[in-house]
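> For reference, the structure I am asking about is given below.
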Amino acid sequence: MQIKLTFIVATVAVMAATAFGKPVETQHICGNNGAVDPALEQHIADRVAASRKAGDNQRAAVVVPVYWHVITDGTSGKATSTQIQNTISLMNAEYAGTGFSFQLAGTDTTVNSNWYNNVNQGTSAEAAMKNALRKGGPESLNIYTVSFGNSGLLGYATFPWSYSSAPKNDGLVITANTWVGGSYPNYGTGKVFVHEAGHWFGLYHVFQGGCSGSGDGVDDTAPQSAVTRGCPTGQDSCPGGGLDNVHNHMDYSSDACRTDFTPGQISRMQSISGTYRF
């Protein structure tokens, strides 16, 4: 099956935010917002439905090996072993009950100002960095922490079904200082890593597709057409479909607001990962 992916950077306005002392009026919260082959989505939907009907939500637990690649310019971007381990612990806490856990398999630090400052989706810097550093197979989560400058982009991830065509590209790229104990305003507690790992397991944003169509491919997340900023009460961007998923890890709410995955999202992650990663 040929899979055609078109990635665009999702731009979200976040007013009065400040990153590293510089005002940011427009933030690209996450770089994942792509359209996939409808035939692939139907295949995934059928597998998820069959799995849930059979009550197969308690699959064997999967421990995901994590390779964390710290990229620094020599001064900025350095992460301590405590910050790294605390972030892995945070990911384990947030993924409790999903059947997935994370175990740090290795860390390395690379001083390369070009990679630190210029890595982004599709750049030559990204290709060079990943080709040099990536470890493991489809089951291994590679995390690269870099700087996206003043763009406000917090991170992006590859989807499971793209691994076979570009294995070296697989992984998460996340801005420094969003780890546990980080200094990034509203996003410095490690939840960005939880969000991007959700994409790596096969989840879309909860506002994917707006109020109509198949949305995010999950039947128990309410239809949603607007990204969430902060942690509002009663937000309902698709009237009649239920309140927006402001507490869901796959929204853009502030770190403190995002707390959960739905059973449908868990089924989707398990089914897709079982097909493409494990």
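Chain labels follow the order of the structure tokens: the first chain is A, the next B, and so on; residue numbering restarts at 1 in every chain, and ligands are counted from 1 in their shown order.
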Identify, on the basis of only C-alpha atoms, every residue whose closest approach to Ser147 in chain A does not exceed 8 Å; exclude the query and any residue fewer than 6 positions from it along the same chain; express the result as number ranges by chain.
A: 77, 116-119, 174-176
> Select from range 182-241 of chain A every residue with an atom at most 8 Å from any atom of range 81-102 of chain A, then for each give the shortest pair of atoms and their distance in Å to one decimal, using only C-alpha atoms, rows by chain and rising number, as a Markdown table.

| residue | atom | partner | partner_atom | distance |
| --- | --- | --- | --- | --- |
| A:Gly190 | CA | A:Thr87 | CA | 5.6 |
| A:Lys191 | CA | A:Met91 | CA | 7.7 |
| A:Phe193 | CA | A:Met91 | CA | 7.2 |
| A:Val194 | CA | A:Met91 | CA | 5.7 |
> Those selected residues, please, written with C-alpha atoms and delivered as a PDB file, in the first residue's frame.

ATOM      1  CA  GLY A 190       7.590  17.421  30.163  1.00  0.00           C
ATOM      2  CA  LYS A 191       4.085  17.150  28.707  1.00  0.00           C
ATOM      3  CA  PHE A 193       7.206  14.730  25.232  1.00  0.00           C
ATOM      4  CA  VAL A 194       3.947  12.966  26.139  1.00  0.00           C
TER       5      VAL A 194
END
> DSSP says strand (DSSP E or B) for which residues of range 7-244 of chain A? Put them as number ranges by chain?
A: 7, 12-19, 22-27, 34-35, 62-72, 100-111, 141-146, 155-157, 172-175
> Please provide the set of residues having any atom within 7 Å of Gly106 in chain A, restricted to only C-alpha atoms, with same-chain residues fewer than 5 positions apart removed, written as a PyMOL selection string.
chain A and resi 66-68
> Given only C-alpha atoms as the basis, pick out the residue of A:Gly230, A:Gly209, A:Pro160, A:Pro223 nearest to Ser140 in chain A.
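Of all the options, A:Pro160 lies closest to Ser140 in chain A.
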> Counting only C-alpha atoms, which residue out of A:Arg229, A:Lys53, A:Arg277, A:His205 sits closest to Met250 in chain A?
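Checking each candidate against Met250 in chain A, we get A:His205 as the closest.
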> With only C-alpha atoms as the basis for distance, which of A:Asn131, A:Thr72, A:Thr178, A:Thr80 is at the shortest distance from Val111 in chain A?
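Once distances to Val111 in chain A are computed over only C-alpha atoms, the minimum belongs to A:Thr72.
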> Need to verify the contact set: range 224-227 of chain A, 8 Å, only C-alpha atoms, exclusion of same-chain residues closer than 4 positions in sequence. Can you return it as a ChimeraX atom specification?
/A:12,206-211,236-238,244-245,251-253
> Would you put the residues from that selection into a file with N, CA, C and O atoms, as a PDB file, in the first residue's frame?

ATOM      1  N   VAL A  12      -0.373  28.464  15.486  1.00  0.00           N
ATOM      2  CA  VAL A  12      -1.345  28.802  16.516  1.00  0.00           C
ATOM      3  C   VAL A  12      -0.929  30.090  17.201  1.00  0.00           C
ATOM      4  O   VAL A  12       0.211  30.233  17.620  1.00  0.00           O
ATOM      5  N   VAL A 206      -6.587  16.135  18.537  1.00  0.00           N
ATOM      6  CA  VAL A 206      -8.025  15.952  18.741  1.00  0.00           C
ATOM      7  C   VAL A 206      -8.852  16.884  17.874  1.00  0.00           C
ATOM      8  O   VAL A 206     -10.037  16.647  17.661  1.00  0.00           O
ATOM      9  N   PHE A 207      -8.240  17.957  17.354  1.00  0.00           N
ATOM     10  CA  PHE A 207      -8.967  18.878  16.486  1.00  0.00           C
ATOM     11  C   PHE A 207      -8.755  18.546  15.007  1.00  0.00           C
ATOM     12  O   PHE A 207      -9.160  19.314  14.129  1.00  0.00           O
ATOM     13  N   GLN A 208      -8.138  17.401  14.710  1.00  0.00           N
ATOM     14  CA  GLN A 208      -7.920  16.979  13.332  1.00  0.00           C
ATOM     15  C   GLN A 208      -9.250  16.899  12.585  1.00  0.00           C
ATOM     16  O   GLN A 208     -10.203  16.268  13.053  1.00  0.00           O
ATOM     17  N   GLY A 209      -9.348  17.524  11.441  1.00  0.00           N
ATOM     18  CA  GLY A 209     -10.534  17.399  10.600  1.00  0.00           C
ATOM     19  C   GLY A 209     -11.718  18.249  10.993  1.00  0.00           C
ATOM     20  O   GLY A 209     -12.743  18.240  10.304  1.00  0.00           O
ATOM     21  N   GLY A 210     -11.619  18.977  12.106  1.00  0.00           N
ATOM     22  CA  GLY A 210     -12.712  19.868  12.489  1.00  0.00           C
ATOM     23  C   GLY A 210     -13.958  19.130  12.937  1.00  0.00           C
ATOM     24  O   GLY A 210     -13.897  18.062  13.549  1.00  0.00           O
ATOM     25  N   CYS A 211     -15.116  19.702  12.617  1.00  0.00           N
ATOM     26  CA  CYS A 211     -16.390  19.199  13.135  1.00  0.00           C
ATOM     27  C   CYS A 211     -16.998  18.073  12.302  1.00  0.00           C
ATOM     28  O   CYS A 211     -17.958  17.441  12.743  1.00  0.00           O
ATOM     29  N   ASP A 236     -16.482  24.703  23.518  1.00  0.00           N
ATOM     30  CA  ASP A 236     -17.260  23.803  22.662  1.00  0.00           C
ATOM     31  C   ASP A 236     -17.234  24.347  21.244  1.00  0.00           C
ATOM     32  O   ASP A 236     -18.090  25.118  20.839  1.00  0.00           O
ATOM     33  N   SER A 237     -16.234  23.931  20.465  1.00  0.00           N
ATOM     34  CA  SER A 237     -16.048  24.472  19.116  1.00  0.00           C
ATOM     35  C   SER A 237     -16.906  23.768  18.069  1.00  0.00           C
ATOM     36  O   SER A 237     -17.005  24.233  16.937  1.00  0.00           O
ATOM     37  N   CYS A 238     -17.519  22.635  18.433  1.00  0.00           N
ATOM     38  CA  CYS A 238     -18.439  21.918  17.542  1.00  0.00           C
ATOM     39  C   CYS A 238     -19.721  21.635  18.322  1.00  0.00           C
ATOM     40  O   CYS A 238     -19.907  20.530  18.866  1.00  0.00           O
ATOM     41  N   ASP A 244     -15.124  20.363  24.142  1.00  0.00           N
ATOM     42  CA  ASP A 244     -13.811  20.081  23.560  1.00  0.00           C
ATOM     43  C   ASP A 244     -12.925  19.306  24.529  1.00  0.00           C
ATOM     44  O   ASP A 244     -13.115  19.326  25.748  1.00  0.00           O
ATOM     45  N   ASN A 245     -11.927  18.660  23.949  1.00  0.00           N
ATOM     46  CA  ASN A 245     -11.048  17.745  24.691  1.00  0.00           C
ATOM     47  C   ASN A 245      -9.871  18.488  25.323  1.00  0.00           C
ATOM     48  O   ASN A 245      -8.705  18.135  25.107  1.00  0.00           O
ATOM     49  N   ASP A 251      -4.308  17.689  22.613  1.00  0.00           N
ATOM     50  CA  ASP A 251      -4.719  19.067  22.338  1.00  0.00           C
ATOM     51  C   ASP A 251      -3.506  19.970  22.543  1.00  0.00           C
ATOM     52  O   ASP A 251      -2.399  19.495  22.808  1.00  0.00           O
ATOM     53  N   TYR A 252      -3.705  21.286  22.429  1.00  0.00           N
ATOM     54  CA  TYR A 252      -2.616  22.251  22.611  1.00  0.00           C
ATOM     55  C   TYR A 252      -2.727  23.000  23.935  1.00  0.00           C
ATOM     56  O   TYR A 252      -2.088  24.031  24.123  1.00  0.00           O
ATOM     57  N   SER A 253      -3.546  22.519  24.846  1.00  0.00           N
ATOM     58  CA  SER A 253      -3.701  23.166  26.145  1.00  0.00           C
ATOM     59  C   SER A 253      -2.347  23.285  26.841  1.00  0.00           C
ATOM     60  O   SER A 253      -1.386  22.582  26.505  1.00  0.00           O
TER      61      SER A 253
END
